[in-house]
>>> print(open('target-v2.cif').read())   # mmCIF, C-alpha atoms and all ligand atoms
data_query
loop_
_atom_site.label_atom_id
_atom_site.label_comp_id
_atom_site.auth_asym_id
_atom_site.auth_seq_id
_atom_site.Cartn_x
_atom_site.Cartn_y
_atom_site.Cartn_z
CA MET W 1 18.56 -91.82 -57.52
CA THR W 2 18.48 -89.90 -54.30
CA LEU W 3 15.80 -90.84 -51.81
CA THR W 4 15.18 -89.51 -48.36
CA LEU W 5 14.55 -91.63 -45.32
CA ALA W 6 12.92 -89.70 -42.50
CA THR W 7 14.05 -91.47 -39.38
CA ALA W 8 14.16 -88.67 -36.83
CA GLY W 9 11.17 -86.35 -37.33
CA ALA W 10 8.26 -88.71 -36.78
CA PRO W 11 9.38 -90.41 -33.55
CA ALA W 12 10.32 -87.01 -32.06
CA LEU W 13 6.74 -85.76 -32.51
CA TRP W 14 5.34 -89.03 -31.19
CA TYR W 15 7.50 -88.75 -28.05
CA LEU W 16 6.41 -85.11 -27.66
CA SER W 17 2.76 -86.16 -27.87
CA ARG W 18 3.23 -88.84 -25.22
CA GLY W 19 5.26 -86.63 -22.88
CA SER W 20 2.89 -83.69 -23.17
CA GLY W 21 -0.08 -86.05 -22.63
CA ALA W 22 1.40 -87.14 -19.31
CA VAL W 23 2.19 -83.53 -18.30
CA SER W 24 -1.37 -82.45 -19.29
CA LEU W 25 -2.81 -85.13 -17.04
CA ILE W 26 -0.63 -84.04 -14.09
CA LEU W 27 -1.58 -80.37 -14.60
CA LEU W 28 -5.26 -81.16 -15.07
CA SER W 29 -5.32 -83.25 -11.89
CA THR W 30 -3.51 -80.49 -9.99
CA ALA W 31 -6.07 -77.96 -11.30
CA VAL W 32 -8.96 -80.18 -10.13
CA VAL W 33 -7.41 -80.60 -6.66
CA LEU W 34 -6.72 -76.85 -6.36
CA GLY W 35 -10.27 -76.10 -7.53
CA ILE W 36 -11.70 -78.31 -4.78
CA VAL W 37 -9.40 -76.78 -2.16
CA ASP W 38 -10.41 -73.29 -3.33
CA GLU W 39 -14.11 -74.20 -3.32
CA ARG W 40 -13.85 -75.55 0.22
CA HIS W 41 -12.49 -72.15 1.36
CA TRP W 42 -9.47 -73.82 2.90
CA ARG W 43 -6.90 -71.18 3.54
CA SER W 44 -4.23 -70.17 5.99
CA ALA W 45 -2.09 -67.14 6.61
CA ARG W 46 0.51 -68.72 4.32
CA TRP W 47 -2.01 -69.57 1.60
CA PRO W 48 -4.56 -66.76 1.48
CA ARG W 49 -7.59 -67.43 -0.72
CA PHE W 50 -6.56 -65.17 -3.60
CA THR W 51 -3.26 -67.11 -3.90
CA LEU W 52 -5.16 -70.38 -4.23
CA HIS W 53 -7.51 -68.73 -6.69
CA GLY W 54 -4.66 -67.52 -8.86
CA LEU W 55 -2.79 -70.83 -8.62
CA HIS W 56 -5.87 -72.75 -9.73
CA ARG W 57 -6.32 -70.39 -12.68
CA TRP W 58 -2.72 -70.52 -13.80
CA VAL W 59 -2.43 -74.30 -13.50
CA SER W 60 -5.66 -74.69 -15.49
CA LEU W 61 -4.37 -72.40 -18.25
CA PHE W 62 -1.06 -74.31 -18.28
CA ALA W 63 -3.00 -77.57 -18.58
CA VAL W 64 -4.89 -76.28 -21.62
CA SER W 65 -1.62 -75.00 -23.19
CA PHE W 66 0.07 -78.39 -22.73
CA LEU W 67 -3.02 -80.03 -24.18
CA SER W 68 -2.59 -77.96 -27.33
CA VAL W 69 0.98 -79.25 -27.64
CA HIS W 70 -0.25 -82.80 -26.98
CA ILE W 71 -2.96 -82.60 -29.63
CA LEU W 72 -0.93 -80.75 -32.27
CA SER W 73 2.01 -83.14 -31.99
CA ALA W 74 -0.32 -86.17 -32.24
CA VAL W 75 -1.94 -84.66 -35.35
CA LEU W 76 1.30 -83.52 -37.05
CA ASP W 77 3.05 -86.81 -36.43
CA SER W 78 2.69 -89.15 -39.41
CA PHE W 79 2.85 -92.36 -37.34
CA ALA W 80 -0.89 -92.56 -36.63
CA PRO W 81 -3.72 -91.30 -38.86
CA ILE W 82 -5.14 -88.56 -36.60
CA ARG W 83 -6.80 -85.45 -38.06
CA LEU W 84 -7.34 -82.12 -36.31
CA LEU W 85 -11.09 -82.84 -36.54
CA ASP W 86 -10.59 -86.01 -34.44
CA ALA W 87 -9.44 -83.76 -31.59
CA VAL W 88 -12.81 -81.98 -31.42
CA ILE W 89 -15.33 -84.46 -32.90
CA PRO W 90 -15.37 -87.47 -30.56
CA PHE W 91 -15.40 -91.08 -31.80
CA ALA W 92 -15.07 -90.24 -35.51
CA GLY W 93 -11.40 -91.05 -36.09
CA LYS W 94 -9.61 -94.14 -37.43
CA TYR W 95 -7.03 -94.50 -34.65
CA ARG W 96 -8.42 -96.14 -31.47
CA PRO W 97 -11.73 -94.25 -32.06
CA LEU W 98 -13.40 -94.91 -28.72
CA TRP W 99 -10.37 -94.10 -26.57
CA LEU W 100 -9.23 -91.13 -28.65
CA GLY W 101 -12.89 -89.99 -28.61
CA PHE W 102 -12.77 -89.76 -24.82
CA GLY W 103 -9.77 -87.41 -25.20
CA ALA W 104 -11.72 -85.25 -27.65
CA LEU W 105 -14.72 -85.20 -25.30
CA ALA W 106 -12.53 -84.10 -22.37
CA PHE W 107 -10.85 -81.47 -24.56
CA ASP W 108 -14.21 -80.04 -25.77
CA THR W 109 -15.42 -79.84 -22.17
CA LEU W 110 -12.24 -78.12 -20.99
CA LEU W 111 -12.45 -75.70 -23.89
CA ALA W 112 -16.01 -74.78 -22.80
CA VAL W 113 -14.86 -74.43 -19.17
CA THR W 114 -11.90 -72.20 -20.18
CA ILE W 115 -13.94 -69.97 -22.51
CA THR W 116 -16.76 -69.47 -19.99
CA SER W 117 -14.18 -68.68 -17.28
CA LEU W 118 -12.67 -65.97 -19.46
CA LEU W 119 -16.19 -64.60 -20.12
CA LYS W 120 -17.37 -65.02 -16.52
CA LYS W 121 -18.33 -61.38 -16.05
CA ARG W 122 -20.49 -61.40 -19.20
CA ILE W 123 -22.33 -64.69 -18.69
CA GLY W 124 -22.92 -64.36 -14.95
CA GLN W 125 -21.91 -66.45 -11.95
CA ARG W 126 -24.77 -68.98 -12.22
CA ASN W 127 -24.10 -69.94 -15.89
CA TRP W 128 -20.39 -69.97 -15.30
CA ARG W 129 -20.75 -72.31 -12.32
CA ALA W 130 -23.01 -74.71 -14.27
CA VAL W 131 -20.38 -75.11 -17.01
CA HIS W 132 -17.52 -75.18 -14.51
CA TRP W 133 -18.95 -78.24 -12.82
CA LEU W 134 -18.33 -80.09 -16.07
CA SER W 135 -14.60 -80.06 -15.36
CA TYR W 136 -15.27 -82.72 -12.71
CA ALA W 137 -16.70 -84.88 -15.52
CA ALA W 138 -13.89 -84.06 -17.97
CA TRP W 139 -11.15 -85.29 -15.65
CA PRO W 140 -12.16 -89.00 -15.38
CA VAL W 141 -12.91 -89.03 -19.12
CA ALA W 142 -9.35 -87.77 -19.75
CA VAL W 143 -7.92 -90.43 -17.42
CA VAL W 144 -9.75 -93.20 -19.29
CA HIS W 145 -8.49 -91.71 -22.59
CA GLY W 146 -4.86 -91.78 -21.39
CA LEU W 147 -5.15 -95.37 -20.19
CA GLY W 148 -6.96 -96.57 -23.33
CA THR W 149 -4.82 -94.70 -25.88
CA GLY W 150 -1.40 -94.42 -24.28
CA SER W 151 1.40 -96.63 -25.58
CA ASP W 152 3.19 -96.21 -22.26
CA VAL W 153 0.57 -97.70 -19.97
CA ARG W 154 2.32 -101.07 -19.91
CA ALA W 155 5.61 -99.31 -19.14
CA GLY W 156 5.17 -98.70 -15.42
CA TRP W 157 5.91 -94.95 -15.36
CA LEU W 158 2.66 -93.78 -16.97
CA LEU W 159 0.64 -96.14 -14.80
CA ALA W 160 2.42 -94.75 -11.71
CA ILE W 161 1.74 -91.14 -12.77
CA THR W 162 -1.92 -91.93 -13.50
CA ALA W 163 -2.30 -93.76 -10.17
CA ALA W 164 -0.79 -90.76 -8.29
CA CYS W 165 -3.14 -88.33 -10.12
CA VAL W 166 -6.18 -90.53 -9.41
CA ALA W 167 -5.18 -90.89 -5.74
CA ALA W 168 -4.80 -87.11 -5.31
CA VAL W 169 -8.15 -86.28 -6.93
CA TRP W 170 -9.87 -89.19 -5.18
CA LEU W 171 -8.71 -87.89 -1.80
CA ALA W 172 -9.75 -84.30 -2.55
CA VAL W 173 -13.21 -85.43 -3.72
CA PHE W 174 -13.52 -87.70 -0.67
CA VAL W 175 -12.87 -84.78 1.70
CA ARG W 176 -15.17 -82.55 -0.39
CA ILE W 177 -18.16 -84.89 -0.05
CA TRP W 178 -17.50 -85.80 3.58
CA ASP W 179 -19.32 -82.65 4.74
CA ALA W 180 -22.39 -83.26 2.58
CA ALA W 181 -25.75 -84.31 4.06
CA PRO W 182 -25.80 -88.06 4.99
CA GLY W 183 -27.95 -89.14 1.99
CA PRO W 184 -25.87 -87.62 -0.83
CA ARG W 185 -22.71 -88.31 1.20
CA PHE W 186 -23.22 -92.07 1.34
CA ALA W 187 -24.28 -92.29 -2.32
CA SER W 188 -21.18 -90.32 -3.38
CA LEU W 189 -18.84 -92.31 -1.16
CA GLY W 190 -20.26 -95.52 -2.67
CA ALA W 191 -19.54 -94.21 -6.17
CA LEU W 192 -16.06 -93.18 -5.03
CA ALA W 193 -15.34 -96.63 -3.62
CA ALA W 194 -16.33 -98.17 -6.97
CA VAL W 195 -13.49 -96.35 -8.76
CA PRO W 196 -10.52 -98.43 -7.50
CA ILE W 197 -12.59 -101.61 -7.81
CA ALA W 198 -13.44 -100.82 -11.47
CA ALA W 199 -9.77 -100.02 -12.17
CA VAL W 200 -8.56 -103.30 -10.67
CA ILE W 201 -11.07 -105.26 -12.78
CA TRP W 202 -10.63 -103.36 -16.07
CA LEU W 203 -6.88 -102.69 -16.31
CA PRO W 204 -5.57 -106.32 -16.30
CA GLN W 205 -7.94 -107.40 -19.06
CA GLY W 206 -7.88 -104.03 -20.86
CA PRO W 207 -4.83 -101.80 -21.43
CA LEU W 208 -2.44 -104.06 -19.50
CA ALA W 209 -3.42 -107.21 -21.42
CA LYS W 210 -1.64 -108.56 -24.50
CA GLY W 211 -3.46 -107.67 -27.70
CA TRP W 212 -4.92 -104.41 -26.34
CA ALA W 213 -3.49 -102.31 -29.21
CA GLN W 214 -5.47 -104.46 -31.66
CA ARG W 215 -8.68 -104.49 -29.57
CA ALA W 216 -8.46 -100.74 -28.94
CA GLY W 217 -8.70 -100.10 -32.69
CA THR W 218 -5.10 -99.46 -33.80
CA PRO W 219 -4.94 -99.72 -37.63
CA ALA W 220 -3.39 -103.08 -38.65
CA ARG W 221 -0.31 -101.54 -40.26
CA LEU W 222 0.71 -99.91 -36.96
CA LEU W 223 0.25 -102.93 -34.75
CA PRO W 224 3.31 -104.15 -32.87
CA VAL W 225 3.97 -107.73 -34.00
CA SER W 226 3.88 -108.89 -30.37
CA ASP W 227 0.29 -107.61 -30.11
CA VAL W 228 -1.09 -109.40 -33.15
CA THR W 229 -3.19 -112.49 -32.62
CA PRO W 230 -3.37 -114.22 -36.02
CA ALA W 231 -6.86 -115.44 -36.94
CA ALA W 232 -7.20 -119.23 -36.89
CA GLY W 233 -5.99 -120.78 -40.14
CA THR W 234 -4.09 -117.70 -41.32
CA GLN W 235 -0.71 -118.87 -40.02
CA ARG W 236 1.16 -120.36 -42.98
CA ASP W 237 4.53 -122.02 -42.77
CA LEU W 238 5.13 -121.36 -46.44
CA PHE W 239 6.51 -118.32 -48.10
CA SER W 240 4.23 -118.17 -51.12
CA PRO W 241 3.47 -114.77 -52.67
CA PRO W 242 1.16 -113.00 -52.90
CA PHE W 243 0.81 -112.44 -49.17
CA SER W 244 0.50 -109.72 -46.54
CA ALA W 245 2.29 -110.21 -43.23
CA TYR W 246 3.55 -108.48 -40.11
CA LEU W 247 7.09 -107.26 -39.59
CA GLY W 248 9.19 -106.95 -36.47
CA GLY W 249 12.88 -106.24 -36.17
CA SER W 250 15.52 -103.64 -35.54
CA GLU W 251 17.46 -100.91 -37.24
CA THR W 252 21.20 -100.39 -36.90
CA GLY W 253 23.07 -97.41 -38.21
CA SER W 254 26.79 -97.01 -38.91
CA SER W 255 28.99 -94.62 -40.87
CA ASP W 256 32.00 -95.44 -43.07
CA ASP W 257 35.37 -93.64 -43.48
CA PHE W 258 33.94 -91.39 -46.22
CA GLY W 259 31.18 -90.05 -43.95
CA ASP W 260 28.45 -92.13 -45.64
CA GLU W 261 25.68 -93.43 -43.42
CA ARG W 262 24.51 -97.05 -43.62
CA VAL W 263 21.12 -98.05 -42.19
CA ASP W 264 20.42 -101.77 -41.90
CA ILE W 265 16.83 -102.81 -41.15
CA ALA W 266 16.65 -106.52 -40.29
CA LEU W 267 13.08 -107.86 -40.22
CA ARG W 268 11.30 -111.05 -39.35
CA ILE W 269 8.11 -111.82 -41.30
CA THR W 270 5.19 -113.45 -39.45
CA GLY W 271 1.44 -113.88 -39.82
CA GLY W 272 0.56 -114.35 -43.50
CA ALA W 273 3.99 -115.90 -44.21
CA GLN W 274 7.13 -116.98 -42.37
CA GLY W 275 10.40 -115.46 -43.44
CA ALA W 276 12.93 -112.67 -43.19
CA ALA W 277 13.80 -109.45 -44.97
CA ASP W 278 16.80 -107.14 -44.84
CA ILE W 279 16.82 -103.57 -46.15
CA VAL W 280 20.15 -101.76 -46.40
CA LEU W 281 20.17 -98.07 -47.27
CA GLN W 282 23.37 -96.07 -47.83
CA GLY W 283 23.88 -92.38 -48.41
CA GLN W 284 24.68 -88.98 -46.98
CA PRO W 285 23.42 -88.19 -43.47
CA LEU W 286 20.87 -85.36 -43.31
CA ALA W 287 20.94 -82.53 -40.76
CA GLY W 288 17.46 -83.52 -39.50
CA GLY W 289 18.60 -87.06 -38.65
CA GLY W 290 17.56 -89.00 -41.79
CA VAL W 291 19.61 -90.30 -44.69
CA SER W 292 19.61 -89.14 -48.31
CA VAL W 293 19.75 -92.60 -49.87
CA GLN W 294 22.00 -93.25 -52.90
CA ARG W 295 22.40 -97.04 -52.78
CA SER W 296 20.20 -99.82 -51.46
CA GLU W 297 20.10 -103.60 -51.18
CA VAL W 298 17.09 -105.69 -50.24
CA THR W 299 16.92 -109.42 -49.53
CA LEU W 300 13.76 -111.39 -48.89
CA GLY W 301 12.91 -115.05 -48.46
CA PRO W 302 11.61 -117.84 -46.24
CA ALA W 303 13.29 -118.32 -42.84
CA SER W 304 15.24 -121.31 -44.26
CA ASP W 305 16.56 -119.26 -47.23
CA PRO W 306 16.37 -115.54 -46.28
CA ASN W 307 18.47 -114.37 -49.30
CA ARG W 308 16.39 -116.18 -51.93
CA TYR W 309 15.20 -112.92 -53.49
CA GLN W 310 17.59 -110.00 -53.95
CA GLY W 311 17.08 -106.51 -55.30
CA ARG W 312 16.83 -102.86 -54.37
CA VAL W 313 14.53 -100.11 -53.16
CA VAL W 314 12.58 -98.44 -55.97
CA SER W 315 10.56 -95.97 -53.95
CA LEU W 316 10.81 -94.57 -50.47
CA GLU W 317 8.54 -92.06 -48.83
CA ASN W 318 9.17 -91.41 -45.14
CA THR W 319 8.97 -94.97 -43.80
CA ASP W 320 7.03 -96.55 -46.69
CA VAL W 321 9.56 -98.59 -48.69
CA VAL W 322 8.85 -100.33 -51.99
CA ALA W 323 11.42 -102.87 -53.22
CA GLU W 324 11.81 -105.04 -56.31
CA VAL W 325 13.60 -108.35 -55.81
CA THR W 326 14.36 -111.36 -58.06
CA ASP W 327 15.40 -114.98 -57.38
CA LEU W 328 17.97 -117.05 -59.34
CA ALA W 329 15.24 -118.42 -61.63
CA GLY W 330 14.31 -114.84 -62.63
CA ASN W 331 11.01 -114.65 -60.69
CA SER W 332 10.41 -111.07 -59.55
CA LEU W 333 8.48 -109.79 -56.57
CA ARG W 334 7.38 -106.35 -55.51
CA ALA W 335 7.39 -105.83 -51.74
CA ASP W 336 5.61 -102.88 -50.14
CA PHE W 337 6.99 -102.34 -46.62
CA ARG W 338 5.10 -100.04 -44.23
CA LEU W 339 7.46 -99.44 -41.37
CA ALA W 340 7.05 -97.78 -37.99
CA LEU W 341 10.34 -96.87 -36.36
CA GLU W 342 10.51 -96.36 -32.65
CA GLY W 343 14.04 -95.83 -31.45
CA ARG W 344 15.92 -98.83 -32.85
CA ARG W 345 12.80 -101.00 -32.93
CA VAL W 346 11.02 -101.45 -36.24
CA GLU W 347 7.51 -102.80 -36.71
CA GLY W 348 4.99 -102.76 -39.51
CA THR W 349 3.51 -104.74 -42.36
CA VAL W 350 4.61 -105.96 -45.78
CA SER W 351 2.59 -106.94 -48.80
CA VAL W 352 4.40 -109.03 -51.42
CA VAL W 353 3.08 -109.60 -54.94
CA PRO W 354 4.62 -111.20 -58.07
CA ASP W 355 5.98 -108.39 -60.29
C1 LIG J 401 -8.06 -83.50 -21.39
C2 LIG J 401 -7.63 -83.99 -22.48
C3 LIG J 401 -6.49 -84.97 -22.62
C4 LIG J 401 -5.58 -85.46 -21.71
C5 LIG J 401 -5.45 -85.11 -20.23
C6 LIG J 401 -4.73 -86.39 -22.40
C7 LIG J 401 -3.73 -87.15 -21.82
C8 LIG J 401 -3.11 -88.23 -22.42
C9 LIG J 401 -2.22 -89.18 -21.78
C10 LIG J 401 -1.82 -89.14 -20.32
C11 LIG J 401 -1.82 -90.06 -22.73
C12 LIG J 401 -0.86 -91.24 -22.54
C13 LIG J 401 0.53 -90.82 -23.03
C14 LIG J 401 1.54 -91.95 -23.06
O1 LIG J 401 1.23 -93.06 -23.46
O2 LIG J 401 2.67 -91.70 -22.64
C15 LIG J 401 -2.45 -89.71 -23.98
C16 LIG J 401 -2.29 -90.38 -25.16
C17 LIG J 401 -2.71 -89.91 -26.38
N1 LIG J 401 -3.52 -88.80 -26.60
FE1 LIG J 401 -4.31 -87.61 -25.19
N2 LIG J 401 -5.09 -86.41 -23.74
C18 LIG J 401 -6.15 -85.55 -23.91
C19 LIG J 401 -6.81 -85.28 -25.10
C20 LIG J 401 -6.40 -85.72 -26.34
C21 LIG J 401 -6.98 -85.31 -27.61
C22 LIG J 401 -8.10 -84.31 -27.80
C23 LIG J 401 -6.29 -86.00 -28.58
C24 LIG J 401 -6.56 -85.84 -30.06
C25 LIG J 401 -5.66 -85.63 -30.96
C26 LIG J 401 -5.29 -86.83 -27.94
C27 LIG J 401 -4.40 -87.68 -28.58
C28 LIG J 401 -3.67 -88.67 -27.95
C29 LIG J 401 -2.95 -89.72 -28.64
C30 LIG J 401 -2.86 -89.94 -30.14
C31 LIG J 401 -2.35 -90.50 -27.65
C32 LIG J 401 -1.51 -91.75 -27.84
C33 LIG J 401 -0.04 -91.43 -27.72
C34 LIG J 401 0.69 -92.73 -27.41
O3 LIG J 401 0.74 -93.62 -28.25
O4 LIG J 401 1.15 -92.87 -26.31
N3 LIG J 401 -5.40 -86.64 -26.58
N4 LIG J 401 -3.24 -88.59 -23.77
#
>>> encode(input="target-v2.cif", output="structure tokens")
Amino acid sequence: MTLTLATAGAPALWYLSRGSGAVSLILLSTAVVLGIVDERHWRSARWPRFTLHGLHRWVSLFAVSFLSVHILSAVLDSFAPIRLLDAVIPFAGKYRPLWLGFGALAFDTLLAVTITSLLKKRIGQRNWRAVHWLSYAAWPVAVVHGLGTGSDVRAGWLLAITAACVAAVWLAVFVRIWDAAPGPRFASLGALAAVPIAAVIWLPQGPLAKGWAQRAGTPARLLPVSDVTPAAGTQRDLFSPPFSAYLGGSETGSSDDFGDERVDIALRITGGAQGAADIVLQGQPLAGGGVSVQRSEVTLGPASDPNRYQGRVVSLENTDVVAEVTDLAGNSLRADFRLALEGRRVEGTVSVVPD
């Protein structure tokens, strides 16, 4: 039996989606700042108005291009269930629907802004301007999407990038409304002051808090084990099939003298049961980074006896692994592992039923 384990393709697309998301946000923020500068008629001999105009246009087009990469890679990646429709119809998806929905809303708005800009001559200045104002609304919606959806928010770099983007746009908007009449000026400045206050209140109990992935609407099978809060009474010390449980562990790869690749996935089982599992896959390395599997060994059992059940993989599709294992008394189990590989870290779920 030759099976194929796809270890490289999926994470590469997931990384591309995250990286291009961050770049899109930087470009979008730059476009908003340049738009405000252009609107204010700030210029100098070094930066004549048409240069600013062109820069704003090019950065905006770049932002939309990077967004296409961001969206396509998120859709093509098999890690999360995201359809192309979820990118244009807000709040309808299965993966973090509210927060992904904000992304779709921002994307729809930017699409409208881009299309009307390209058709400016046909639709007239007044209509174009009305739609163009929406880009001011799209930007904060996109920021909230990045913070609510991004896996990298708790890793400081994305938070730092987002904070820098917010600071730049905040400053540009502040200067823009400073010249307004006193009434609108004070109302707008009040709203502007509320932004950092809202961020300081929301972030620590939202995206920066433990358990956010679960609260944000990540499907259970993709939840990192560290983010799962078991419901009261579901924690069992026993290892008594049938059960469904969470997995967390690591993958190590090595190759032998004959050029065969060996992938060892060591997992801890928590939640619906307490135990351990080990999946070893051996075979020829594939050009794309996976392994064409020819031999396998699987062990499964309670933490006190992790090798109680032994067997092999009977089906493997990308990172969904089905194994059949038997104990010394001849009792057989079927274990359905749904794995998510991220670098060397492995997370996911397992459901175990008597065979
Ligand atoms: C103006 C529009 C958008 C901007 C500026 C934007 C930006 C971002 C940013 C900055 C992140 C965080 C990346 C990270 O964690 O490193 C992110 C995450 C994400 N975005 Fe968007 N996005 C937009 C629209 C969309 C749309 C329409 C989709 C629909 C497919 C989408 C799908 C995702 C997904 C799935 C993630 C999570 C990736 C992860 O786990 O980190 N985004 N986005």
>>> residues_near_ligand(input="target-v2.cif", ligand="ligand LIG 401 (chain J)", cutoff="6 Å", atoms="only C-alpha atoms and all ligand atoms", output="JSON, numbers by chain")
{"W": [17, 18, 19, 21, 22, 24, 25, 71, 74, 75, 86, 87, 100, 103, 104, 106, 107, 142, 146, 149, 150, 151, 152, 153]}
>>> atom_distance(input="target-v2.cif", atom1="CA of Thr218 (chain W)", atom2="CA of Ala163 (chain W)")
24.5 Å
>>> atom_distance(input="target-v2.cif", atom1="CA of Glu342 (chain W)", atom2="CA of Gly283 (chain W)")
21.0 Å
>>> residues_near_point(input="target-v2.cif", point="(4.3, -86.0, -33.4)", cutoff="6 Å", atoms="only C-alpha atoms", output="number ranges by chain")
W: 10, 13-14, 17, 73-74, 76-77
>>> residues_near_point(input="target-v2.cif", point="(12.2, -110.2, -38.1)", cutoff="7 Å", atoms="all atoms listed in the file", output="list in words")
Leu247, Gly248, Gly249, Ala266, Leu267, Arg268, Ile269 and Ala276 of chain W
>>> write_last_selection(input="target-v2.cif", atoms="C-alpha atoms", output="PDB file, keeping the file's coordinate frame")
ATOM      1  CA  LEU W 247       7.090-107.260 -39.590  1.00  0.00           C
ATOM      2  CA  GLY W 248       9.190-106.950 -36.470  1.00  0.00           C
ATOM      3  CA  GLY W 249      12.880-106.240 -36.170  1.00  0.00           C
ATOM      4  CA  ALA W 266      16.650-106.520 -40.290  1.00  0.00           C
ATOM      5  CA  LEU W 267      13.080-107.860 -40.220  1.00  0.00           C
ATOM      6  CA  ARG W 268      11.300-111.050 -39.350  1.00  0.00           C
ATOM      7  CA  ILE W 269       8.110-111.820 -41.300  1.00  0.00           C
ATOM      8  CA  ALA W 276      12.930-112.670 -43.190  1.00  0.00           C
TER       9      ALA W 276
END
>>> closest_residue(input="target-v2.cif", among="W:Val291, W:Val173, W:Leu339, W:Leu84", to="Ser188 (chain W)", atoms="all atoms listed in the file")
W:Val173
>>> closest_residue(input="target-v2.cif", among="W:Ala329, W:Val346, W:Ala164, W:Val33", to="Asp278 (chain W)", atoms="all atoms listed in the file")
W:Val346
>>> residues_around(input="target-v2.cif", residues="His132 (chain W)", least_positions_apart="5", cutoff="10 Å", atoms="all atoms listed in the file", output="ChimeraX atom specification")
/W:109-110,112-114,116-117,126-127,137
>>> atom_distance(input="target-v2.cif", atom1="CA of Val64 (chain W)", atom2="CA of Val23 (chain W)")
10.7 Å
>>> closest_residue(input="target-v2.cif", among="W:Arg262, W:Ser244, W:Arg96, W:Val314", to="Ala216 (chain W)", atoms="all atoms listed in the file")
W:Arg96
>>> residues_around(input="target-v2.cif", residues="Phe243 (chain W)", least_positions_apart="3", cutoff="12 Å", atoms="only C-alpha atoms", output="list in words")
Thr234, Gln235, Arg236, Leu238, Phe239, Ser240, Tyr246, Ile269, Thr270, Gly271, Gly272, Ala273, Gln274, Gly275, Leu333, Arg334, Ala335, Asp336, Thr349, Val350, Ser351, Val352, Val353 and Pro354 of chain W
>>> residues_around(input="target-v2.cif", residues="region 53-57 of chain W", least_positions_apart="6", cutoff="7 Å", atoms="all atoms listed in the file", output="MDAnalysis selection string")
chainID W and resid 31 34:35 38
>>> closest_residue(input="target-v2.cif", among="W:Ala160, W:Ala287, W:Ile279, W:Ala167", to="Leu316 (chain W)", atoms="all atoms listed in the file")
W:Ile279
